[in-house]
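Source file: run-v8.pdb (PDB, C-alpha atoms (C1' of nucleotides))
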ATOM      1  CA  MET A   7     154.324  49.874 104.461
ATOM      2  CA  PHE A   8     151.233  50.013 106.643
ATOM      3  CA  SER A   9     148.722  47.325 107.452
ATOM      4  CA  ILE A  10     145.002  47.985 107.131
ATOM      5  CA  GLY A  11     144.759  48.231 110.916
ATOM      6  CA  GLU A  12     147.417  50.915 111.040
ATOM      7  CA  LEU A  13     145.595  52.912 108.382
ATOM      8  CA  SER A  14     142.415  52.524 110.346
ATOM      9  CA  HIS A  15     144.047  53.706 113.538
ATOM     10  CA  ALA A  16     145.736  56.650 111.854
ATOM     11  CA  THR A  17     142.645  57.949 110.065
ATOM     12  CA  GLY A  18     139.758  56.798 112.220
ATOM     13  CA  VAL A  19     138.209  54.931 109.307
ATOM     14  CA  LYS A  20     137.096  51.452 110.327
ATOM     15  CA  VAL A  21     138.765  48.425 108.810
ATOM     16  CA  PRO A  22     135.685  47.044 106.997
ATOM     17  CA  THR A  23     135.069  50.522 105.607
ATOM     18  CA  ILE A  24     138.560  50.635 104.120
ATOM     19  CA  ARG A  25     137.913  47.278 102.466
ATOM     20  CA  TYR A  26     134.606  48.677 101.218
ATOM     21  CA  TYR A  27     136.399  51.658  99.690
ATOM     22  CA  GLU A  28     138.612  49.228  97.835
ATOM     23  CA  GLU A  29     135.585  47.289  96.621
ATOM     24  CA  VAL A  30     134.048  50.426  95.145
ATOM     25  CA  GLY A  31     137.314  51.520  93.578
ATOM     26  CA  LEU A  32     138.247  54.455  95.790
ATOM     27  CA  LEU A  33     141.419  53.152  97.390
ATOM     28  CA  GLU A  34     143.427  50.132  96.444
ATOM     29  CA  ALA A  35     146.222  48.540  98.443
ATOM     30  CA  GLU A  36     149.568  48.991  96.712
ATOM     31  CA  ALA A  37     150.712  45.506  97.678
ATOM     32  CA  ARG A  38     149.839  42.278  99.393
ATOM     33  CA  THR A  39     152.036  40.179 101.658
ATOM     34  CA  ALA A  40     152.837  36.566 100.794
ATOM     35  CA  GLY A  41     149.900  35.713 103.052
ATOM     36  CA  ASN A  42     147.527  38.007 101.101
ATOM     37  CA  GLN A  43     147.298  40.839 103.587
ATOM     38  CA  ARG A  44     146.978  44.406 102.330
ATOM     39  CA  ARG A  45     149.929  46.792 102.558
ATOM     40  CA  TYR A  46     149.684  50.530 101.967
ATOM     41  CA  SER A  47     152.250  53.221 101.263
ATOM     42  CA  ARG A  48     152.327  56.697 102.719
ATOM     43  CA  ALA A  49     150.429  57.868  99.633
ATOM     44  CA  GLY A  50     147.655  55.405 100.429
ATOM     45  CA  LEU A  51     147.454  56.712 103.956
ATOM     46  CA  ASP A  52     147.205  60.294 102.725
ATOM     47  CA  ARG A  53     144.574  59.372 100.221
ATOM     48  CA  LEU A  54     142.471  57.730 102.899
ATOM     49  CA  GLY A  55     142.857  60.863 105.015
ATOM     50  CA  PHE A  56     141.615  62.905 102.111
ATOM     51  CA  ILE A  57     138.616  60.621 101.633
ATOM     52  CA  ARG A  58     137.864  60.757 105.333
ATOM     53  CA  HIS A  59     137.918  64.507 105.439
ATOM     54  CA  ALA A  60     135.817  64.852 102.318
ATOM     55  CA  ARG A  61     133.286  62.392 103.779
ATOM     56  CA  ASP A  62     133.169  64.437 106.963
ATOM     57  CA  LEU A  63     132.390  67.415 104.768
ATOM     58  CA  GLY A  64     129.383  65.492 103.535
ATOM     59  CA  LEU A  65     130.558  64.681 100.023
ATOM     60  CA  SER A  66     129.246  61.504  98.479
ATOM     61  CA  LEU A  67     131.644  58.775  97.444
ATOM     62  CA  ASP A  68     130.772  59.639  93.857
ATOM     63  CA  ALA A  69     131.807  63.246  94.353
ATOM     64  CA  ILE A  70     135.023  62.116  96.013
ATOM     65  CA  ARG A  71     135.726  59.779  93.133
ATOM     66  CA  ALA A  72     135.385  62.761  90.796
ATOM     67  CA  LEU A  73     137.632  64.827  93.045
ATOM     68  CA  VAL A  74     140.485  62.329  93.231
ATOM     69  CA  ALA A  75     140.296  61.662  89.487
ATOM     70  CA  LEU A  76     140.630  65.384  88.811
ATOM     71  CA  ASP A  77     143.480  67.041  87.020
ATOM     72  CA  PRO A  78     144.828  69.272  89.822
ATOM     73  CA  THR A  79     145.469  72.054  87.328
ATOM     74  CA  ASN A  80     141.827  72.074  86.323
ATOM     75  CA  HIS A  81     140.527  74.910  88.449
ATOM     76  CA  ASP A  82     137.100  75.118  86.924
ATOM     77  CA  GLN A  83     136.055  71.565  87.629
ATOM     78  CA  THR A  84     137.394  71.630  91.157
ATOM     79  CA  HIS A  85     135.633  74.865  91.915
ATOM     80  CA  GLU A  86     132.448  73.538  90.459
ATOM     81  CA  ILE A  87     132.384  70.468  92.671
ATOM     82  CA  ALA A  88     133.149  72.517  95.759
ATOM     83  CA  GLU A  89     130.573  75.165  94.981
ATOM     84  CA  THR A  90     127.865  72.729  94.030
ATOM     85  CA  HIS A  91     128.376  71.086  97.367
ATOM     86  CA  LEU A  92     128.391  74.396  99.156
ATOM     87  CA  SER A  93     125.063  75.465  97.731
ATOM     88  CA  ASP A  94     123.755  72.010  98.526
ATOM     89  CA  ILE A  95     124.701  72.480 102.149
ATOM     90  CA  ARG A  96     123.107  75.913 102.247
ATOM     91  CA  ALA A  97     119.877  74.476 100.908
ATOM     92  CA  ARG A  98     119.935  71.818 103.593
ATOM     93  CA  ILE A  99     120.517  74.411 106.293
ATOM     94  CA  GLY A 100     117.566  76.432 105.045
ATOM     95  CA  ARG A 101     115.346  73.412 105.051
ATOM     96  CA  LEU A 102     116.375  72.379 108.535
ATOM     97  CA  ARG A 103     115.707  75.870 109.832
ATOM     98  CA  ARG A 104     112.162  75.694 108.550
ATOM     99  CA  LEU A 105     111.733  72.336 110.252
ATOM    100  CA  GLU A 106     113.107  73.814 113.434
ATOM    101  CA  ALA A 107     110.566  76.640 113.315
ATOM    102  CA  GLU A 108     107.742  74.218 112.781
ATOM    103  CA  LEU A 109     108.797  71.874 115.525
ATOM    104  CA  GLU A 110     108.965  74.861 117.847
ATOM    105  CA  ARG A 111     105.401  75.675 116.909
ATOM    106  CA  ILE A 112     104.404  72.079 117.567
ATOM    107  CA  VAL A 113     106.052  71.924 120.959
ATOM    108  CA  ALA A 114     104.516  75.257 121.866
ATOM    109  CA  ALA A 115     101.074  73.915 120.946
ATOM    110  CA  CYS A 116     100.903  72.229 124.326
ATOM    111  CA  ASP A 117     101.655  74.020 127.530
ATOM    112  CA  GLY A 118     101.836  70.784 129.464
ATOM    113  CA  GLY A 119      99.304  71.850 132.067
ATOM    114  CA  PRO A 120      97.475  68.968 133.771
ATOM    115  CA  GLY A 121      93.983  68.008 132.754
ATOM    116  CA  HIS A 122      94.398  69.630 129.385
ATOM    117  CA  GLU A 123      94.327  68.121 125.918
ATOM    118  CA  CYS A 124      97.753  67.795 124.391
ATOM    119  CA  ASN A 125      97.857  69.283 120.914
ATOM    120  CA  ILE A 126     101.211  68.027 119.843
ATOM    121  CA  LEU A 127      99.897  64.971 118.059
ATOM    122  CA  GLU A 128      97.326  67.106 116.304
ATOM    123  CA  ALA A 129      99.974  69.630 115.359
ATOM    124  CA  PHE A 130     102.132  66.880 113.939
ATOM    125  CA  GLY A 131      99.387  65.860 111.590
ATOM    126  CA  ASP A 132      98.385  69.365 110.676
ATOM    127  CA  HIS A 133     100.136  70.298 107.526
ATOM    128  CA  ASP A 134      97.901  73.276 106.776
ATOM    129  CA  SER A 135      99.152  75.391 109.623
ATOM    130  CA  CYS A 136     102.782  74.909 108.777
ATOM    131  CA  ALA A 137     104.944  77.503 107.132
ATOM    132  CA  HIS A 138     104.774  75.994 103.600
ATOM    133  CA  ASP A 139     107.422  74.633 101.275
ATOM    134  CA  HIS A 140     107.461  70.904 102.011
TER     135      HIS A 140
ATOM    136  CA  MET B  11      86.459  53.708 100.842
ATOM    137  CA  PHE B  12      89.592  54.801  98.995
ATOM    138  CA  SER B  13      91.885  52.813  96.768
ATOM    139  CA  ILE B  14      95.639  52.934  97.293
ATOM    140  CA  GLY B  15      95.976  55.189  94.265
ATOM    141  CA  GLU B  16      93.513  57.677  95.698
ATOM    142  CA  LEU B  17      95.437  57.750  98.963
ATOM    143  CA  SER B  18      98.602  58.277  97.016
ATOM    144  CA  HIS B  19      97.109  61.133  95.031
ATOM    145  CA  ALA B  20      95.628  62.785  98.111
ATOM    146  CA  THR B  21      98.789  62.673 100.219
ATOM    147  CA  GLY B  22     101.594  62.684  97.686
ATOM    148  CA  VAL B  23     102.985  59.429  99.055
ATOM    149  CA  LYS B  24     103.824  57.006  96.269
ATOM    150  CA  VAL B  25     101.909  53.767  95.948
ATOM    151  CA  PRO B  26     104.861  51.410  96.596
ATOM    152  CA  THR B  27     105.725  53.498  99.642
ATOM    153  CA  ILE B  28     102.236  53.013 101.052
ATOM    154  CA  ARG B  29     102.593  49.279 100.600
ATOM    155  CA  TYR B  30     105.988  49.527 102.258
ATOM    156  CA  TYR B  31     104.418  51.285 105.244
ATOM    157  CA  GLU B  32     101.998  48.410 105.541
ATOM    158  CA  GLU B  33     104.850  45.918 105.406
ATOM    159  CA  VAL B  34     106.631  47.610 108.302
ATOM    160  CA  GLY B  35     103.435  47.895 110.328
ATOM    161  CA  LEU B  36     102.733  51.616 110.098
ATOM    162  CA  LEU B  37      99.494  51.632 108.167
ATOM    163  CA  GLU B  38      97.222  48.739 107.365
ATOM    164  CA  ALA B  39      94.363  48.700 104.896
ATOM    165  CA  GLU B  40      91.027  48.372 106.672
ATOM    166  CA  ALA B  41      89.621  46.105 103.990
ATOM    167  CA  ARG B  42      90.256  44.294 100.754
ATOM    168  CA  THR B  43      87.936  43.960  97.758
ATOM    169  CA  ALA B  44      86.839  40.553  96.480
ATOM    170  CA  GLY B  45      89.746  40.890  94.064
ATOM    171  CA  ASN B  46      92.259  41.516  96.871
ATOM    172  CA  GLN B  47      92.755  45.236  96.369
ATOM    173  CA  ARG B  48      93.334  47.461  99.400
ATOM    174  CA  ARG B  49      90.578  49.781 100.591
ATOM    175  CA  TYR B  50      91.092  52.558 103.149
ATOM    176  CA  SER B  51      88.738  54.586 105.298
ATOM    177  CA  ARG B  52      88.948  58.293 105.989
ATOM    178  CA  ALA B  53      90.908  57.421 109.156
ATOM    179  CA  GLY B  54      93.494  55.625 107.042
ATOM    180  CA  LEU B  55      93.843  58.640 104.821
ATOM    181  CA  ASP B  56      94.356  60.912 107.814
ATOM    182  CA  ARG B  57      96.882  58.572 109.300
ATOM    183  CA  LEU B  58      98.881  58.538 106.089
ATOM    184  CA  GLY B  59      98.778  62.342 106.050
ATOM    185  CA  PHE B  60     100.133  62.338 109.575
ATOM    186  CA  ILE B  61     102.936  59.962 108.602
ATOM    187  CA  ARG B  62     103.745  62.050 105.574
ATOM    188  CA  HIS B  63     103.972  65.234 107.544
ATOM    189  CA  ALA B  64     106.067  63.650 110.264
ATOM    190  CA  ARG B  65     108.414  62.241 107.596
ATOM    191  CA  ASP B  66     108.708  65.681 106.067
ATOM    192  CA  LEU B  67     109.710  66.923 109.496
ATOM    193  CA  GLY B  68     112.541  64.422 109.362
ATOM    194  CA  LEU B  69     111.257  61.910 111.910
ATOM    195  CA  SER B  70     112.345  58.310 111.411
ATOM    196  CA  LEU B  71     109.728  55.634 110.854
ATOM    197  CA  ASP B  72     110.634  54.321 114.295
ATOM    198  CA  ALA B  73     109.876  57.668 115.881
ATOM    199  CA  ILE B  74     106.594  57.850 113.985
ATOM    200  CA  ARG B  75     105.696  54.375 115.134
ATOM    201  CA  ALA B  76     106.245  55.543 118.700
ATOM    202  CA  LEU B  77     104.169  58.653 118.040
ATOM    203  CA  VAL B  78     101.140  56.875 116.612
ATOM    204  CA  ALA B  79     101.241  54.257 119.354
ATOM    205  CA  LEU B  80     101.166  56.985 121.996
ATOM    206  CA  ASP B  81      98.437  57.559 124.476
ATOM    207  CA  PRO B  82      97.252  61.054 123.412
ATOM    208  CA  THR B  83      96.777  62.055 127.035
ATOM    209  CA  ASN B  84     100.412  61.273 127.769
ATOM    210  CA  HIS B  85     101.929  64.720 127.512
ATOM    211  CA  ASP B  86     105.365  63.815 128.801
ATOM    212  CA  GLN B  87     106.148  61.195 126.226
ATOM    213  CA  THR B  88     104.852  63.272 123.346
ATOM    214  CA  HIS B  89     106.856  66.276 124.444
ATOM    215  CA  GLU B  90     109.914  64.144 124.841
ATOM    216  CA  ILE B  91     109.791  62.809 121.295
ATOM    217  CA  ALA B  92     109.192  66.241 119.851
ATOM    218  CA  GLU B  93     111.942  67.867 121.877
ATOM    219  CA  THR B  94     114.454  65.134 121.254
ATOM    220  CA  HIS B  95     113.863  65.623 117.594
ATOM    221  CA  LEU B  96     114.099  69.373 117.901
ATOM    222  CA  SER B  97     117.500  69.248 119.586
ATOM    223  CA  ASP B  98     118.544  66.721 116.992
ATOM    224  CA  ILE B  99     117.708  69.156 114.241
ATOM    225  CA  ARG B 100     119.535  71.955 116.001
ATOM    226  CA  ALA B 101     122.633  69.805 116.260
ATOM    227  CA  ARG B 102     122.427  69.042 112.560
ATOM    228  CA  ILE B 103     122.099  72.725 111.734
ATOM    229  CA  GLY B 104     125.149  73.529 113.827
ATOM    230  CA  ARG B 105     127.134  70.846 112.125
ATOM    231  CA  LEU B 106     126.123  71.974 108.662
ATOM    232  CA  ARG B 107     127.061  75.549 109.483
ATOM    233  CA  ARG B 108     130.547  74.422 110.399
ATOM    234  CA  LEU B 109     130.782  72.529 107.124
ATOM    235  CA  GLU B 110     129.598  75.607 105.300
ATOM    236  CA  ALA B 111     132.322  77.702 106.916
ATOM    237  CA  GLU B 112     134.949  75.190 105.996
ATOM    238  CA  LEU B 113     133.818  74.832 102.428
ATOM    239  CA  GLU B 114     133.926  78.594 102.143
ATOM    240  CA  ARG B 115     137.497  78.511 103.339
ATOM    241  CA  ILE B 116     138.277  75.791 100.786
ATOM    242  CA  VAL B 117     136.713  77.637  97.889
ATOM    243  CA  ALA B 118     138.485  80.817  98.940
ATOM    244  CA  ALA B 119     141.812  78.960  98.968
ATOM    245  CA  CYS B 120     141.993  79.356  95.210
ATOM    246  CA  ASP B 121     141.466  82.683  93.503
ATOM    247  CA  GLY B 122     141.137  81.034  90.140
ATOM    248  CA  GLY B 123     143.817  83.165  88.519
ATOM    249  CA  PRO B 124     145.526  81.593  85.510
ATOM    250  CA  GLY B 125     148.909  79.949  85.811
ATOM    251  CA  HIS B 126     148.451  79.506  89.522
ATOM    252  CA  GLU B 127     148.319  76.324  91.576
ATOM    253  CA  CYS B 128     144.813  75.453  92.698
ATOM    254  CA  ASN B 129     144.705  74.794  96.414
ATOM    255  CA  ILE B 130     141.246  73.396  96.628
ATOM    256  CA  LEU B 131     142.288  69.783  96.439
ATOM    257  CA  GLU B 132     144.927  70.388  99.054
ATOM    258  CA  ALA B 133     142.440  72.182 101.266
ATOM    259  CA  PHE B 134     140.050  69.269 100.975
ATOM    260  CA  GLY B 135     142.652  66.931 102.335
ATOM    261  CA  ASP B 136     143.873  69.255 105.009
ATOM    262  CA  HIS B 137     142.064  68.433 108.170
ATOM    263  CA  ASP B 138     144.479  70.298 110.430
ATOM    264  CA  SER B 139     143.473  73.726 109.248
ATOM    265  CA  CYS B 140     139.791  73.149 109.739
ATOM    266  CA  ALA B 141     137.758  74.522 112.572
ATOM    267  CA  HIS B 142     137.765  71.287 114.670
ATOM    268  CA  ASP B 143     134.936  69.118 115.896
ATOM    269  CA  HIS B 144     134.668  66.416 113.255
TER     270      HIS B 144
ATOM    271  C1'  DC C   9     157.069  27.193 118.648
ATOM    272  C1'  DT C  10     153.029  28.581 120.483
ATOM    273  C1'  DT C  11     149.669  31.883 121.423
ATOM    274  C1'  DG C  12     146.676  35.583 120.446
ATOM    275  C1'  DA C  13     145.751  39.482 117.840
ATOM    276  C1'  DA C  14     145.008  40.994 113.459
ATOM    277  C1'  DC C  15     143.975  39.701 109.055
ATOM    278  C1'  DC C  16     141.309  37.300 105.018
ATOM    279  C1'  DT C  17     136.750  36.374 102.170
ATOM    280  C1'  DC C  18     132.010  35.916 102.030
ATOM    281  C1'  DT C  19     127.193  36.640 103.125
ATOM    282  C1'  DA C  20     123.584  39.214 105.042
ATOM    283  C1'  DG C  21     121.547  43.135 107.408
ATOM    284  C1'  DT C  22     120.602  48.284 108.129
ATOM    285  C1'  DC C  23     117.082  52.464 106.475
ATOM    286  C1'  DG C  24     113.568  54.125 103.551
ATOM    287  C1'  DC C  25     112.399  53.603  99.877
ATOM    288  C1'  DT C  26     112.372  52.733  94.284
ATOM    289  C1'  DA C  27     112.146  49.913  90.044
ATOM    290  C1'  DG C  28     110.705  46.251  87.384
ATOM    291  C1'  DA C  29     108.560  41.662  86.114
ATOM    292  C1'  DG C  30     104.563  39.240  85.312
ATOM    293  C1'  DG C  31      99.946  38.827  86.045
ATOM    294  C1'  DA C  32      94.953  39.918  87.930
ATOM    295  C1'  DA C  33      91.247  43.222  88.905
ATOM    296  C1'  DT C  34      88.758  47.290  88.025
ATOM    297  C1'  DT C  35      86.866  51.145  85.350
ATOM    298  C1'  DA C  36      85.773  53.617  81.096
ATOM    299  C1'  DT C  37      84.357  53.570  76.466
ATOM    300  C1'  DG C  38      82.186  51.722  72.220
TER     301       DG C  38
ATOM    302  C1'  DC D  15      78.172  43.407  77.178
ATOM    303  C1'  DA D  16      82.894  43.230  75.221
ATOM    304  C1'  DT D  17      87.071  45.146  74.987
ATOM    305  C1'  DA D  18      90.739  48.269  76.178
ATOM    306  C1'  DA D  19      93.129  51.085  79.297
ATOM    307  C1'  DT D  20      94.336  51.693  83.714
ATOM    308  C1'  DT D  21      95.118  50.408  88.171
ATOM    309  C1'  DC D  22      96.115  47.045  91.183
ATOM    310  C1'  DC D  23      98.464  42.640  93.115
ATOM    311  C1'  DT D  24     102.870  39.986  94.793
ATOM    312  C1'  DC D  25     107.534  39.212  94.444
ATOM    313  C1'  DT D  26     112.449  40.087  93.880
ATOM    314  C1'  DA D  27     116.280  43.070  93.586
ATOM    315  C1'  DG D  28     118.679  47.431  93.925
ATOM    316  C1'  DC D  29     120.304  52.104  95.920
ATOM    317  C1'  DG D  30     124.247  54.408  99.283
ATOM    318  C1'  DA D  31     127.462  53.756 102.684
ATOM    319  C1'  DC D  32     128.360  51.153 105.496
ATOM    320  C1'  DT D  33     128.140  47.381 109.714
ATOM    321  C1'  DA D  34     128.087  42.696 111.699
ATOM    322  C1'  DG D  35     129.194  38.070 111.874
ATOM    323  C1'  DA D  36     130.913  33.363 110.458
ATOM    324  C1'  DG D  37     134.682  30.620 109.675
ATOM    325  C1'  DG D  38     139.247  30.383 108.544
ATOM    326  C1'  DT D  39     144.421  32.158 107.825
ATOM    327  C1'  DT D  40     148.604  34.891 108.770
ATOM    328  C1'  DC D  41     151.461  37.618 111.411
ATOM    329  C1'  DA D  42     154.376  39.326 115.429
ATOM    330  C1'  DA D  43     155.715  38.795 120.189
ATOM    331  C1'  DG D  44     157.416  36.052 123.846
TER     332       DG D  44
END
Have the structure of the file written as structure tokens, please.
Amino acid sequence: MFSIGELSHATGVKVPTIRYYEEVGLLEAEARTAGNQRRYSRAGLDRLGFIRHARDLGLSLDAIRALVALDPTNHDQTHEIAETHLSDIRARIGRLRRLEAELERIVAACDGGPGHECNILEAFGDHDSCAHDH
Amino acid sequence: MFSIGELSHATGVKVPTIRYYEEVGLLEAEARTAGNQRRYSRAGLDRLGFIRHARDLGLSLDAIRALVALDPTNHDQTHEIAETHLSDIRARIGRLRRLEAELERIVAACDGGPGHECNILEAFGDHDSCAHDH
DNA sequence: CTTGAACCTCTAGTCGCTAGAGGAATTATG
DNA sequence: CATAATTCCTCTAGCGACTAGAGGTTCAAG
């Protein structure tokens, strides 16, 4: 059996975060010592690793809850969650690329030469000249 | 003079959000009516538009606070904020692209054929086979 | 058996809003 | 000018996903 600190060390998830996951029903300790300290099995450790990785992939705790509750033979549902998230990520990438383009425009608005009016602030406020979409 | 609702309508920022911006010191109403309602000048409207646009660009309220407090003749500082944010966005894009690649790998791990074990859940938990970096 | 590290629960704070209660002011219509 | 509809006011509480700290207990090593 592992202590909460060992789980933390093994997965890189901080101790208070592990307790938080328990609070929201994502990961419960299999046992407690006589002195009320949490003890986890290997399965608990693996589950935390899974949660950690899914979090790194940007999934919400809600999505992860759905994932761990899933019947592993249910292909359709699993695919759906993964693909929903994938298209979500693609949308975010697209959005960020538009922001990137606009910030480039803004930075380019000022050449930094001395004795010259800096247009960056103006460009920041100027929605009209931006690409569109937000 | 504009009411808070007019500002909201003109900029697309919701009324409670405008009040929130006042609370955190980003935008104060120039005046109040006898009945205590907020009134804004044209300058207030423009400032809210600026905030809105900067928010859309993904800047934090802290960064915006720094931006509006800036001496407009101070090129260096303005450039620095804009470029810090730009490299920030680029880092986020890079990160999302790696997530995208990994999710593609995960979705591809299962061909969806009947009577076959779905590997998606496994792939989600399997950090070792992912590109690296997170 | 003592020390010190790790653990416990609980509350409150972070960011950027959003929602709702309960009431007052303003504006439009009859 | 009265009433009704709309907008406005303040205040509190909630969201997600943690993080920080207080104050106290238990565990493992020497």
Between atom CA of A:Phe8 and atom C1' of D:DG37, what is the distance, to one decimal in Å?
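According to the coordinates, atom CA of A:Phe8 and atom C1' of D:DG37 are separated by 25.7 Å.
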C:DT37 environment, 10 Å, all atoms listed in the file, sequence neighbours closer than 2 positions dropped, as a list in words
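Returned residues: DT35 of chain C; DT17, DA18 and DA19 of chain D.
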Residue IDs satisfying the PyMOL selection byres ((chain D) within 8 of (chain B)), as a ChimeraX atom specification:
/D:21-23
Compile the contact shell of stretch 66-76 of chain B as JSON, numbers by chain: residues with an atom at most 7 Å away, counting all atoms listed in the file, same-chain residues fewer than 3 positions apart removed.
{"A": [105, 140], "B": [36, 61, 62, 63, 79, 80]}
Tell me which residues the PyMOL selection byres ((chain C and resi 28) around 12) grabs here, as a PyMOL selection string.
(chain C and resi 26-27+29-30) or (chain D and resi 25-28)
Please find the residues of chain C near chain B - the criterion being any atom within 10 Å, counting all atoms listed in the file - and write them as an MDAnalysis selection string.
chainID C and resid 23:27 32:34
Every residue with an atom at most 12 Å from (112.5, 71.0, 120.6) (file coordinates; all atoms listed in the file) is what I'm after, so could you write them as a PyMOL selection string?
(chain A and resi 105-115+126) or (chain B and resi 88-101)
Report, in Å to a single decimal, how far apart atom C1' of D:DT20 and atom C1' of C:DG38 are.
16.7 Å
For a quick check of understanding, using all atoms listed in the file, which of B:Ala64, B:Glu40, B:Ala133, B:Glu33 has the smallest distance to B:Leu77?
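Nearest to B:Leu77: B:Ala64.
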Expressed in Å, the length from atom CA of B:Arg107 to atom CA of A:Ile99 is 7.4 Å
